[in-house]
$ cat work_22.txt   # compact mmCIF, C-alpha atoms
# COMPACT_ATOMS: atom_id res chain seq x y z
CA MET A 1 44.10 -47.23 -77.87
CA TRP A 2 43.82 -46.98 -74.10
CA LYS A 3 47.33 -45.58 -73.76
CA GLU A 4 46.70 -42.99 -76.47
CA LEU A 5 43.69 -41.66 -74.57
CA ALA A 6 45.20 -41.90 -71.10
CA GLY A 7 46.89 -38.51 -71.01
CA ILE A 8 44.12 -36.41 -72.58
CA GLY A 9 42.50 -34.06 -70.07
CA ARG A 10 44.15 -35.69 -67.05
CA ASP A 11 44.86 -33.41 -64.10
CA PRO A 12 48.42 -33.98 -62.85
CA VAL A 13 47.49 -33.24 -59.24
CA SER A 14 44.25 -35.20 -58.73
CA GLY A 15 44.91 -37.86 -61.36
CA GLY A 16 41.31 -37.41 -62.49
CA TYR A 17 39.99 -36.33 -65.88
CA ARG A 18 38.54 -32.99 -66.91
CA ARG A 19 37.28 -33.62 -70.41
CA TYR A 20 34.52 -31.03 -70.63
CA ALA A 21 32.42 -30.45 -73.73
CA TRP A 22 33.84 -28.15 -76.39
CA THR A 23 37.18 -27.60 -74.63
CA GLY A 24 40.71 -28.41 -75.74
CA ALA A 25 40.60 -31.82 -74.06
CA ASP A 26 37.32 -32.60 -75.82
CA THR A 27 38.87 -31.54 -79.14
CA ASP A 28 41.78 -33.92 -78.56
CA CYS A 29 39.41 -36.78 -77.73
CA ARG A 30 37.44 -36.09 -80.89
CA ALA A 31 40.61 -36.08 -82.96
CA TRP A 32 41.52 -39.45 -81.45
CA PHE A 33 38.07 -40.84 -82.41
CA ARG A 34 38.43 -39.66 -85.99
CA GLU A 35 41.91 -41.17 -86.24
CA GLN A 36 40.58 -44.53 -85.00
CA ALA A 37 37.80 -44.46 -87.58
CA GLU A 38 39.97 -43.49 -90.52
CA SER A 39 42.80 -45.87 -89.63
CA ARG A 40 40.29 -48.73 -89.98
CA GLY A 41 38.84 -47.46 -93.23
CA LEU A 42 35.53 -46.65 -91.55
CA ALA A 43 33.35 -43.89 -92.99
CA TYR A 44 33.62 -40.96 -90.57
CA GLU A 45 31.06 -38.20 -90.01
CA THR A 46 29.92 -35.68 -87.41
CA ASP A 47 26.17 -35.17 -87.15
CA ARG A 48 24.29 -31.90 -86.71
CA ASN A 49 24.60 -32.12 -82.89
CA GLY A 50 28.33 -32.74 -82.78
CA ASN A 51 28.11 -36.50 -82.20
CA GLN A 52 30.80 -38.51 -84.02
CA TRP A 53 30.09 -41.61 -86.10
CA ALA A 54 32.31 -44.28 -87.67
CA TRP A 55 30.58 -46.64 -90.12
CA LEU A 56 31.37 -50.16 -91.27
CA GLY A 57 28.96 -50.61 -94.14
CA ASP A 58 26.56 -48.12 -95.70
CA PRO A 59 26.17 -45.00 -93.50
CA HIS A 60 22.84 -44.36 -95.20
CA GLY A 61 21.57 -47.93 -94.88
CA THR A 62 18.69 -48.97 -92.69
CA ASP A 63 18.30 -51.24 -89.67
CA ALA A 64 21.84 -50.37 -88.54
CA VAL A 65 23.45 -51.77 -85.40
CA VAL A 66 25.17 -49.02 -83.42
CA THR A 67 27.51 -49.22 -80.44
CA GLY A 68 29.59 -46.68 -78.55
CA SER A 69 29.39 -44.33 -75.59
CA HIS A 70 31.04 -40.98 -74.73
CA LEU A 71 34.52 -39.53 -74.14
CA ASP A 72 33.78 -36.56 -71.86
CA SER A 73 34.07 -36.73 -68.08
CA VAL A 74 32.79 -35.33 -64.82
CA PRO A 75 35.19 -33.08 -62.88
CA ASP A 76 38.14 -35.27 -61.83
CA GLY A 77 36.36 -38.34 -63.18
CA GLY A 78 37.81 -41.77 -63.74
CA ALA A 79 39.37 -43.17 -66.88
CA PHE A 80 36.69 -45.76 -67.65
CA ASP A 81 33.32 -43.98 -67.49
CA GLY A 82 32.53 -43.48 -71.18
CA PRO A 83 35.89 -44.13 -72.84
CA LEU A 84 35.78 -47.85 -72.02
CA GLY A 85 32.65 -48.13 -74.18
CA VAL A 86 34.21 -46.28 -77.12
CA VAL A 87 37.55 -48.10 -76.98
CA SER A 88 35.76 -51.45 -76.60
CA SER A 89 33.58 -50.66 -79.60
CA PHE A 90 36.58 -50.13 -81.87
CA ALA A 91 38.21 -53.25 -80.41
CA ALA A 92 35.02 -55.23 -81.07
CA VAL A 93 35.06 -54.05 -84.69
CA ASP A 94 38.66 -55.30 -84.92
CA GLU A 95 37.56 -58.64 -83.47
CA LEU A 96 34.73 -58.97 -85.98
CA LEU A 97 37.06 -58.25 -88.88
CA GLN A 98 39.55 -60.78 -87.52
CA ARG A 99 36.78 -63.36 -87.33
CA GLY A 100 35.86 -62.68 -90.92
CA ALA A 101 32.32 -61.80 -89.93
CA VAL A 102 30.05 -60.95 -92.86
CA LEU A 103 27.72 -58.08 -92.00
CA THR A 104 24.15 -58.10 -93.23
CA ARG A 105 23.38 -54.78 -91.50
CA PRO A 106 25.39 -51.55 -91.31
CA LEU A 107 27.47 -51.22 -88.13
CA ALA A 108 28.53 -47.95 -86.48
CA VAL A 109 30.57 -46.73 -83.53
CA VAL A 110 29.39 -43.46 -81.97
CA ASN A 111 30.80 -40.90 -79.54
CA PHE A 112 27.95 -38.86 -78.08
CA GLY A 113 28.87 -35.32 -77.05
CA ASP A 114 28.53 -33.83 -73.56
CA GLU A 115 27.09 -36.92 -71.89
CA GLU A 116 28.16 -36.01 -68.37
CA GLY A 117 26.83 -32.44 -68.38
CA ALA A 118 29.92 -31.33 -66.47
CA ARG A 119 30.17 -27.96 -68.23
CA PHE A 120 26.59 -26.83 -68.88
CA GLY A 121 24.77 -28.72 -66.11
CA LEU A 122 22.58 -30.92 -68.32
CA ALA A 123 23.52 -34.53 -68.96
CA CYS A 124 23.36 -36.28 -72.36
CA VAL A 125 23.11 -33.09 -74.42
CA GLY A 126 24.19 -34.73 -77.67
CA SER A 127 21.76 -37.64 -77.45
CA ARG A 128 18.95 -35.46 -76.05
CA LEU A 129 19.22 -33.09 -79.00
CA THR A 130 19.27 -35.98 -81.46
CA ALA A 131 16.22 -37.61 -79.86
CA GLY A 132 14.30 -34.32 -79.68
CA GLN A 133 14.30 -34.35 -75.87
CA LEU A 134 16.15 -31.01 -75.74
CA THR A 135 14.91 -28.15 -77.87
CA LYS A 136 17.21 -25.80 -79.73
CA ASP A 137 15.99 -22.85 -77.67
CA ALA A 138 16.64 -24.71 -74.41
CA ALA A 139 20.10 -25.72 -75.61
CA TYR A 140 20.91 -22.13 -76.57
CA ALA A 141 19.95 -21.04 -73.04
CA LEU A 142 22.53 -23.33 -71.39
CA ARG A 143 25.46 -21.52 -69.77
CA ASP A 144 28.62 -22.81 -68.13
CA GLY A 145 30.04 -21.54 -64.83
CA ASP A 146 31.79 -18.67 -66.63
CA GLY A 147 28.62 -17.59 -68.41
CA VAL A 148 29.65 -18.97 -71.81
CA ALA A 149 26.61 -20.09 -73.82
CA LEU A 150 26.53 -23.56 -75.37
CA PRO A 151 26.26 -22.28 -78.99
CA ASP A 152 29.23 -19.96 -78.44
CA ALA A 153 31.30 -22.85 -77.05
CA MET A 154 30.38 -25.04 -80.02
CA GLU A 155 31.26 -22.30 -82.49
CA ALA A 156 34.60 -21.66 -80.78
CA ALA A 157 35.37 -25.38 -81.16
CA GLY A 158 34.62 -25.22 -84.89
CA TYR A 159 31.06 -26.53 -85.00
CA ASP A 160 27.92 -24.89 -86.35
CA PRO A 161 25.41 -24.37 -83.52
CA ALA A 162 22.73 -23.24 -85.98
CA ALA A 163 22.36 -26.85 -87.14
CA ILE A 164 21.55 -28.47 -83.78
CA GLY A 165 18.19 -30.10 -83.26
CA PRO A 166 16.22 -33.35 -83.63
CA ASP A 167 17.59 -35.92 -86.05
CA PRO A 168 14.70 -38.32 -86.67
CA GLU A 169 16.02 -39.43 -90.06
CA ARG A 170 19.22 -40.72 -88.47
CA LEU A 171 17.37 -42.45 -85.64
CA ALA A 172 15.00 -44.08 -88.11
CA ARG A 173 17.97 -45.84 -89.71
CA ILE A 174 19.04 -47.45 -86.41
CA GLY A 175 17.70 -50.91 -85.65
CA ALA A 176 19.52 -51.38 -82.33
CA PHE A 177 21.90 -49.47 -80.07
CA VAL A 178 24.12 -51.35 -77.60
CA GLU A 179 26.25 -49.36 -75.16
CA LEU A 180 29.06 -50.96 -73.17
CA HIS A 181 29.93 -49.20 -69.91
CA VAL A 182 31.98 -49.82 -66.81
CA GLU A 183 29.63 -50.74 -63.97
CA GLN A 184 29.10 -47.87 -61.57
CA GLY A 185 28.62 -50.05 -58.55
CA ARG A 186 29.71 -53.46 -57.20
CA ALA A 187 26.92 -55.81 -58.29
CA LEU A 188 29.13 -57.76 -60.69
CA ASP A 189 31.98 -57.89 -58.21
CA LEU A 190 29.61 -59.43 -55.67
CA THR A 191 28.34 -62.06 -58.14
CA GLY A 192 31.79 -62.79 -59.55
CA ASP A 193 30.81 -62.02 -63.16
CA PRO A 194 33.02 -59.98 -65.52
CA VAL A 195 30.10 -58.82 -67.68
CA GLY A 196 26.42 -58.08 -67.08
CA ILE A 197 23.35 -56.88 -68.99
CA ALA A 198 21.30 -53.84 -67.95
CA SER A 199 17.64 -54.30 -67.18
CA ALA A 200 16.62 -50.71 -66.47
CA ILE A 201 17.84 -47.26 -65.46
CA TRP A 202 16.33 -45.81 -62.32
CA PRO A 203 14.37 -42.56 -62.64
CA HIS A 204 16.61 -39.66 -61.66
CA GLY A 205 16.87 -35.90 -61.72
CA ARG A 206 18.72 -32.78 -60.63
CA TRP A 207 17.22 -30.00 -58.53
CA ARG A 208 18.78 -26.60 -57.76
CA TYR A 209 18.16 -25.18 -54.29
CA ASP A 210 18.70 -21.41 -53.90
CA PHE A 211 18.83 -20.31 -50.25
CA ARG A 212 18.89 -16.48 -50.04
CA GLY A 213 19.70 -14.80 -46.76
CA GLU A 214 21.52 -11.63 -45.76
CA ALA A 215 25.25 -11.01 -46.06
CA ASN A 216 26.77 -9.66 -42.90
CA HIS A 217 29.93 -9.53 -40.81
CA ALA A 218 30.89 -12.89 -39.32
CA GLY A 219 32.52 -11.30 -36.29
CA THR A 220 30.07 -8.59 -35.28
CA THR A 221 26.61 -9.96 -36.14
CA ARG A 222 24.85 -11.63 -33.22
CA LEU A 223 23.70 -15.19 -33.92
CA VAL A 224 20.11 -14.24 -33.18
CA ASP A 225 20.25 -11.42 -35.77
CA ARG A 226 21.51 -13.56 -38.63
CA ARG A 227 19.69 -14.75 -41.73
CA ASP A 228 22.28 -17.38 -42.61
CA PRO A 229 21.41 -19.52 -45.66
CA MET A 230 24.28 -21.89 -44.89
CA LEU A 231 22.41 -23.23 -41.87
CA SER A 232 19.32 -23.98 -43.98
CA TYR A 233 21.47 -25.63 -46.63
CA ALA A 234 23.28 -27.77 -44.05
CA GLU A 235 20.00 -28.99 -42.57
CA THR A 236 18.78 -29.83 -46.09
CA VAL A 237 21.88 -31.91 -46.84
CA LEU A 238 21.26 -33.96 -43.70
CA ALA A 239 17.57 -34.28 -44.56
CA ALA A 240 18.44 -35.63 -48.02
CA ARG A 241 20.58 -38.36 -46.50
CA ARG A 242 17.90 -39.22 -43.95
CA GLU A 243 15.01 -39.38 -46.44
CA ALA A 244 16.99 -41.41 -48.98
CA GLU A 245 18.03 -43.92 -46.34
CA LEU A 246 14.44 -44.33 -45.14
CA ALA A 247 13.20 -44.93 -48.70
CA GLY A 248 16.01 -47.15 -49.98
CA ALA A 249 16.95 -44.51 -52.55
CA VAL A 250 19.95 -42.22 -53.04
CA ALA A 251 20.15 -38.44 -52.69
CA THR A 252 23.29 -36.33 -52.94
CA PHE A 253 24.20 -32.68 -52.68
CA GLY A 254 27.47 -32.81 -54.57
CA LYS A 255 27.81 -29.25 -55.86
CA VAL A 256 27.51 -25.97 -53.96
CA ALA A 257 28.11 -22.29 -54.76
CA VAL A 258 28.33 -19.62 -52.08
CA GLU A 259 28.14 -15.83 -52.32
CA PRO A 260 30.07 -13.75 -51.42
CA ASN A 261 32.20 -16.77 -50.42
CA GLY A 262 34.32 -14.97 -47.84
CA VAL A 263 35.76 -16.54 -44.71
CA ASN A 264 34.62 -13.65 -42.53
CA ALA A 265 31.26 -13.08 -44.21
CA ILE A 266 27.85 -14.57 -43.55
CA PRO A 267 26.64 -15.75 -46.99
CA SER A 268 23.91 -13.96 -48.87
CA LEU A 269 23.28 -16.96 -51.13
CA VAL A 270 23.95 -20.67 -50.89
CA ARG A 271 23.07 -22.58 -54.04
CA GLY A 272 23.17 -26.37 -53.88
CA TRP A 273 22.37 -29.04 -56.43
CA LEU A 274 20.51 -32.19 -55.42
CA ASP A 275 20.90 -35.40 -57.40
CA SER A 276 18.35 -38.05 -56.44
CA ARG A 277 17.56 -41.49 -57.85
CA ALA A 278 15.32 -44.39 -56.88
CA ALA A 279 14.17 -47.75 -58.22
CA ASP A 280 10.71 -46.39 -59.06
CA GLN A 281 8.98 -43.07 -59.64
CA ALA A 282 6.82 -43.16 -56.50
CA THR A 283 9.85 -43.59 -54.26
CA LEU A 284 11.74 -40.82 -56.01
CA ASP A 285 8.77 -38.47 -55.66
CA THR A 286 8.51 -39.31 -51.95
CA VAL A 287 12.18 -38.56 -51.33
CA THR A 288 12.38 -35.31 -53.29
CA ALA A 289 9.14 -33.99 -51.79
CA ALA A 290 10.36 -34.74 -48.27
CA VAL A 291 13.72 -33.07 -48.93
CA GLU A 292 12.01 -29.94 -50.25
CA ALA A 293 9.63 -29.85 -47.28
CA ALA A 294 12.55 -30.10 -44.86
CA ALA A 295 14.39 -27.35 -46.75
CA ARG A 296 11.43 -25.00 -46.62
CA GLU A 297 10.96 -25.63 -42.92
CA ALA A 298 14.64 -24.93 -42.23
CA ALA A 299 14.59 -21.81 -44.41
CA ALA A 300 11.55 -20.41 -42.63
CA ARG A 301 13.18 -21.03 -39.27
CA GLN A 302 16.28 -19.06 -40.31
CA GLY A 303 14.41 -16.25 -42.08
CA VAL A 304 15.82 -17.37 -45.43
CA ASP A 305 14.08 -17.35 -48.82
CA LEU A 306 14.13 -20.58 -50.85
CA ALA A 307 13.59 -21.32 -54.53
CA VAL A 308 13.71 -24.88 -55.90
CA VAL A 309 14.13 -25.50 -59.62
CA ARG A 310 14.13 -28.91 -61.30
CA GLU A 311 16.90 -28.59 -63.87
CA SER A 312 16.66 -32.04 -65.43
CA PHE A 313 14.70 -35.26 -65.09
CA THR A 314 14.76 -38.68 -66.69
CA PRO A 315 11.94 -41.18 -65.99
CA VAL A 316 12.58 -44.86 -65.47
CA VAL A 317 14.01 -46.54 -68.57
CA GLU A 318 13.09 -50.17 -69.17
CA PHE A 319 15.43 -51.37 -71.89
CA ALA A 320 13.70 -53.12 -74.78
CA HIS A 321 12.89 -56.56 -73.40
CA ALA A 322 13.23 -58.33 -76.73
CA LEU A 323 16.70 -56.89 -77.37
CA ARG A 324 17.77 -57.45 -73.77
CA ASP A 325 16.68 -61.08 -73.94
CA GLU A 326 18.45 -61.49 -77.27
CA LEU A 327 21.69 -60.28 -75.68
CA ALA A 328 21.19 -62.78 -72.86
CA ALA A 329 20.67 -65.57 -75.39
CA ILE A 330 23.76 -64.58 -77.39
CA LEU A 331 25.99 -64.38 -74.34
CA GLY A 332 24.80 -67.25 -72.24
CA GLY A 333 21.56 -68.83 -73.31
CA ASP A 334 18.37 -68.03 -71.43
CA ARG A 335 18.85 -66.46 -68.02
CA SER A 336 18.46 -69.80 -66.26
CA GLY A 337 20.93 -71.78 -68.31
CA GLY A 338 24.52 -71.94 -69.44
CA ASP A 339 24.10 -72.21 -73.20
CA ARG A 340 27.09 -70.94 -75.15
CA SER A 341 26.81 -67.75 -77.16
CA ARG A 342 25.26 -67.86 -80.60
CA SER A 343 28.48 -66.61 -82.19
CA ASP A 344 30.51 -69.37 -80.51
CA ARG A 345 28.16 -71.93 -82.03
CA SER A 346 28.20 -70.27 -85.46
CA ARG A 347 32.01 -70.13 -85.45
CA GLY A 348 32.41 -73.74 -84.31
CA ASP A 349 33.72 -72.40 -80.96
CA ARG A 350 37.01 -71.30 -82.48
CA SER A 351 37.03 -68.40 -80.03
CA GLY A 352 37.63 -70.75 -77.13
CA GLY A 353 34.17 -70.72 -75.61
CA ASP A 354 32.05 -68.13 -73.84
CA ARG A 355 34.43 -65.42 -72.63
CA SER A 356 31.79 -63.17 -71.16
CA GLY A 357 30.11 -65.20 -68.48
CA GLY A 358 32.34 -68.16 -67.72
CA GLY A 359 29.92 -70.62 -69.33
CA ARG A 360 26.92 -69.48 -67.32
CA ALA A 361 24.07 -67.08 -67.85
CA VAL A 362 25.08 -63.43 -67.80
CA PRO A 363 23.43 -61.55 -64.90
CA VAL A 364 20.82 -58.89 -65.61
CA LEU A 365 20.90 -55.88 -63.29
CA GLY A 366 19.46 -52.43 -62.88
CA THR A 367 21.45 -49.23 -62.48
CA GLY A 368 21.04 -45.83 -60.90
CA ALA A 369 23.30 -44.14 -63.44
CA GLY A 370 22.02 -42.36 -66.53
CA HIS A 371 23.36 -43.07 -70.01
CA ASP A 372 22.88 -42.09 -73.66
CA ALA A 373 21.29 -45.51 -74.17
CA GLY A 374 18.55 -44.45 -71.77
CA ILE A 375 17.87 -41.28 -73.73
CA LEU A 376 17.72 -43.11 -77.07
CA SER A 377 15.49 -45.87 -75.70
CA ALA A 378 12.37 -43.84 -76.46
CA SER A 379 13.33 -43.73 -80.15
CA VAL A 380 15.20 -46.97 -80.92
CA PRO A 381 15.64 -50.39 -79.25
CA THR A 382 18.57 -50.04 -76.85
CA ALA A 383 20.53 -52.31 -74.52
CA MET A 384 23.60 -52.07 -72.30
CA LEU A 385 26.50 -54.26 -71.24
CA PHE A 386 28.37 -53.62 -67.99
CA VAL A 387 31.99 -54.52 -67.24
CA ARG A 388 32.90 -55.36 -63.66
CA ASN A 389 34.27 -52.60 -61.45
CA PRO A 390 35.85 -54.29 -58.40
CA THR A 391 36.07 -51.07 -56.39
CA GLY A 392 32.49 -50.04 -57.10
CA VAL A 393 33.85 -46.49 -57.31
CA SER A 394 32.90 -44.21 -60.20
CA HIS A 395 33.11 -40.49 -61.00
CA SER A 396 36.48 -40.62 -59.24
CA PRO A 397 40.10 -41.35 -60.18
CA ALA A 398 39.73 -44.59 -58.18
CA GLU A 399 37.35 -45.98 -60.82
CA PHE A 400 38.79 -49.25 -62.15
CA ALA A 401 38.30 -52.30 -64.33
CA ALA A 402 40.83 -55.12 -64.68
CA GLU A 403 42.31 -55.76 -68.12
CA ASP A 404 40.95 -59.33 -68.23
CA ASP A 405 37.45 -58.03 -67.55
CA CYS A 406 37.82 -55.32 -70.19
CA VAL A 407 38.87 -57.98 -72.71
CA ALA A 408 35.89 -60.09 -71.67
CA GLY A 409 33.72 -57.05 -72.34
CA VAL A 410 35.19 -56.67 -75.83
CA HIS A 411 34.50 -60.31 -76.65
CA ALA A 412 30.98 -60.04 -75.26
CA LEU A 413 30.31 -56.92 -77.32
CA ALA A 414 31.78 -58.54 -80.43
CA ASP A 415 29.54 -61.57 -79.89
CA VAL A 416 26.50 -59.30 -79.52
CA LEU A 417 27.36 -57.23 -82.60
CA GLU A 418 27.96 -60.36 -84.65
CA GLY A 419 24.72 -61.87 -83.42
CA LEU A 420 22.77 -58.73 -84.33
CA ALA A 421 24.52 -57.51 -87.49
CA CYS A 422 25.39 -60.81 -89.19
CA ARG A 423 22.09 -62.63 -89.04
$ encode --input "work_22.txt" --output "structure tokens"
Amino acid sequence: MWKELAGIGRDPVSGGYRRYAWTGADTDCRAWFREQAESRGLAYETDRNGNQWAWLGDPHGTDAVVTGSHLDSVPDGGAFDGPLGVVSSFAAVDELLQRGAVLTRPLAVVNFGDEEGARFGLACVGSRLTAGQLTKDAAYALRDGDGVALPDAMEAAGYDPAAIGPDPERLARIGAFVELHVEQGRALDLTGDPVGIASAIWPHGRWRYDFRGEANHAGTTRLVDRRDPMLSYAETVLAARREAELAGAVATFGKVAVEPNGVNAIPSLVRGWLDSRAADQATLDTVTAAVEAAAREAAARQGVDLAVVRESFTPVVEFAHALRDELAAILGGDRSGGDRSRSDRSRGDRSGGDRSGGGRAVPVLGTGAGHDAGILSASVPTAMLFVRNPTGVSHSPAEFAAEDDCVAGVHALADVLEGLACR
């Protein structure tokens, strides 16, 4: 499965992936998902928001256990962010069938659309629409960098944008959602564990900073006569780093657009996007307020106008404690012990023991990265598994997970799905 996906949307120069929503690469990924579903005899469907589903058991049953992730990428992203969760989900289904597991609840694999927000600027569009956290009108207003509207992109890809919107009936049929994801950090590498359980997702958001100055000639305009928005932007970037470091948070200006974008022209507009995250809401508010204050001070000093728009925001997500603790019990006993997984005990340990945590309790850790599981957590019980990333690098071609750790993740996910769907 991994090899079949490896070439889709990969840039031959950077080695990174460009699998943007409703593009040719996205279409190829979706075709791959459908092939995986149908080759296993799973019931395949696409919901009203373009999310793909593959069902083992009754698609219309209740109290379903769902797993999966996403297949799209950030610009020049790595191979593992998203696809590892989808590939592992199908592999876990294979493992369950090989074990002869008898399901008492429906089981589904899902591919949520446009999780990264790389094309239209808003993350988790598919899950937000499903959960009612993004209105149809707001979705219709989304535009990509070329001015193409989201509904037009969906229609061009063969989907009906008129149908998008909340899907409470579907969510009501889900009893638990478990998302496996490569860790986007080095916590597991530092503890020496191949697999971990998520405790919470930090609050995070995206803010657009528009610095408007005056275009002019770079060679003839005196420095004292300039209204250069690039200077204000540069000071703001440094302020973001300073304020985040002081608060123990993170803040990043990772995207910038300049007009007229000429080498010999003073810019008229510098537009930068701030991504900021922190362990708690108060800290995040402190950082973003300080960054904006520094930006306004710099803009005033340079005679530049500034507008700040919050484009997206996700509050802190505490994953359902009961489900999280159940995962911990399945994979390694309570968090202080080394009890074997429930499925190992129920199978008479024919799997060879606990493959997820080396016979010890699986670590529970927080994350600063957003996920579809975080969006759905307000509607259904959700949990996450992380697979070790020894480099700690993500959103980059250098993102990595060793094959042994990926296999450990599959066995851990299979244990969890068996523990939840076969009881």
$ atom_distance --input "work_22.txt" --atom1 "CA of Ile375 in chain A" --atom2 "CA of Asp94 in chain A"
27.5 Å
$ atom_distance --input "work_22.txt" --atom1 "CA of Leu417 in chain A" --atom2 "CA of Asp372 in chain A"
18.1 Å
$ atom_distance --input "work_22.txt" --atom1 "CA of Glu4 in chain A" --atom2 "CA of Arg34 in chain A"
13.0 Å
$ residues_around --input "work_22.txt" --residues "range 133-148 of chain A" --least-positions-apart "6" --cutoff "7 Å" --atoms "all atoms listed in the file" --output "PyMOL selection string"
chain A and resi 119-120+164-165
$ residues_near_point --input "work_22.txt" --point "(37.8, -52.4, -58.3)" --cutoff "9 Å" --atoms "all atoms listed in the file" --output "list of chain:residue names"
A:Arg186, A:Asp189, A:Arg388, A:Asn389, A:Pro390, A:Thr391, A:Gly392, A:Val393, A:Ala398, A:Glu399, A:Phe400, A:Ala401, A:Ala402
$ residues_around --input "work_22.txt" --residues "Pro363 in chain A" --least-positions-apart "5" --cutoff "8 Å" --atoms "only C-alpha atoms" --output "PyMOL selection string"
chain A and resi 193+195-197+335
$ residues_near_point --input "work_22.txt" --point "(17.6, -50.0, -64.6)" --cutoff "6 Å" --atoms "all atoms listed in the file" --output "list in words"
Ser199, Ala200, Ile201, Trp202, Gly366 and Thr367 of chain A
$ residues_around --input "work_22.txt" --residues "Val65 in chain A" --least-positions-apart "4" --cutoff "9 Å" --atoms "only C-alpha atoms" --output "list of chain:residue names"
A:Arg105, A:Pro106, A:Leu107, A:Ala108, A:Val109, A:Ile174, A:Gly175, A:Ala176, A:Phe177, A:Val178, A:Leu417, A:Leu420, A:Ala421
$ closest_residue --input "work_22.txt" --among "A:Ala299, A:Ala118, A:Met230, A:Leu246" --to "Thr286 in chain A" --atoms "all atoms listed in the file"
A:Leu246
$ residues_around --input "work_22.txt" --residues "Gly158 in chain A" --least-positions-apart "6" --cutoff "10 Å" --atoms "all atoms listed in the file" --output "short mmCIF file (atom, residue, chain, number, x, y, z; two decimals) with C-alpha atoms, keeping the file's coordinate frame"
data_model
loop_
_atom_site.label_atom_id
_atom_site.label_comp_id
_atom_site.auth_asym_id
_atom_site.auth_seq_id
_atom_site.Cartn_x
_atom_site.Cartn_y
_atom_site.Cartn_z
CA TRP A 22 33.84 -28.15 -76.39
CA THR A 27 38.87 -31.54 -79.14
CA ASP A 152 29.23 -19.96 -78.44
#
$ residues_around --input "work_22.txt" --residues "range 37-43 of chain A" --least-positions-apart "4" --cutoff "10 Å" --atoms "only C-alpha atoms" --output "ChimeraX atom specification"
/A:31-33,52-59,90,93-94,107-109
$ closest_residue --input "work_22.txt" --among "A:Gly126, A:Gly85, A:Gly113, A:Gly254" --to "Asp72 in chain A" --atoms "only C-alpha atoms"
A:Gly113
$ closest_atom_pairs --input "work_22.txt" --of "range 289-331 of chain A" --to "range 206-215 of chain A" --cutoff "9 Å" --atoms "all atoms listed in the file" --output "CSV"
residue,atom,partner,partner_atom,distance
A:Glu292,CA,A:Tyr209,CA,8.8
A:Ala295,CA,A:Tyr209,CA,8.7
A:Ala299,CA,A:Phe211,CA,7.4
A:Gln302,CA,A:Gly213,CA,8.5
A:Gly303,CA,A:Gly213,CA,7.2
A:Val304,CA,A:Gly213,CA,4.8
A:Asp305,CA,A:Arg212,CA,5.0
A:Leu306,CA,A:Phe211,CA,4.7
A:Ala307,CA,A:Asp210,CA,5.1
A:Val308,CA,A:Tyr209,CA,4.7
A:Val309,CA,A:Arg208,CA,5.1
A:Arg310,CA,A:Trp207,CA,4.3
A:Glu311,CA,A:Trp207,CA,5.5
A:Ser312,CA,A:Arg206,CA,5.3
A:Phe313,CA,A:Arg206,CA,6.5
$ closest_residue --input "work_22.txt" --among "A:Val237, A:Ala162, A:Ala249, A:Ile8" --to "Cys29 in chain A" --atoms "all atoms listed in the file"
A:Ile8
$ closest_residue --input "work_22.txt" --among "A:Ala101, A:Ala322, A:Leu284, A:Leu231" --to "Arg301 in chain A" --atoms "all atoms listed in the file"
A:Leu231
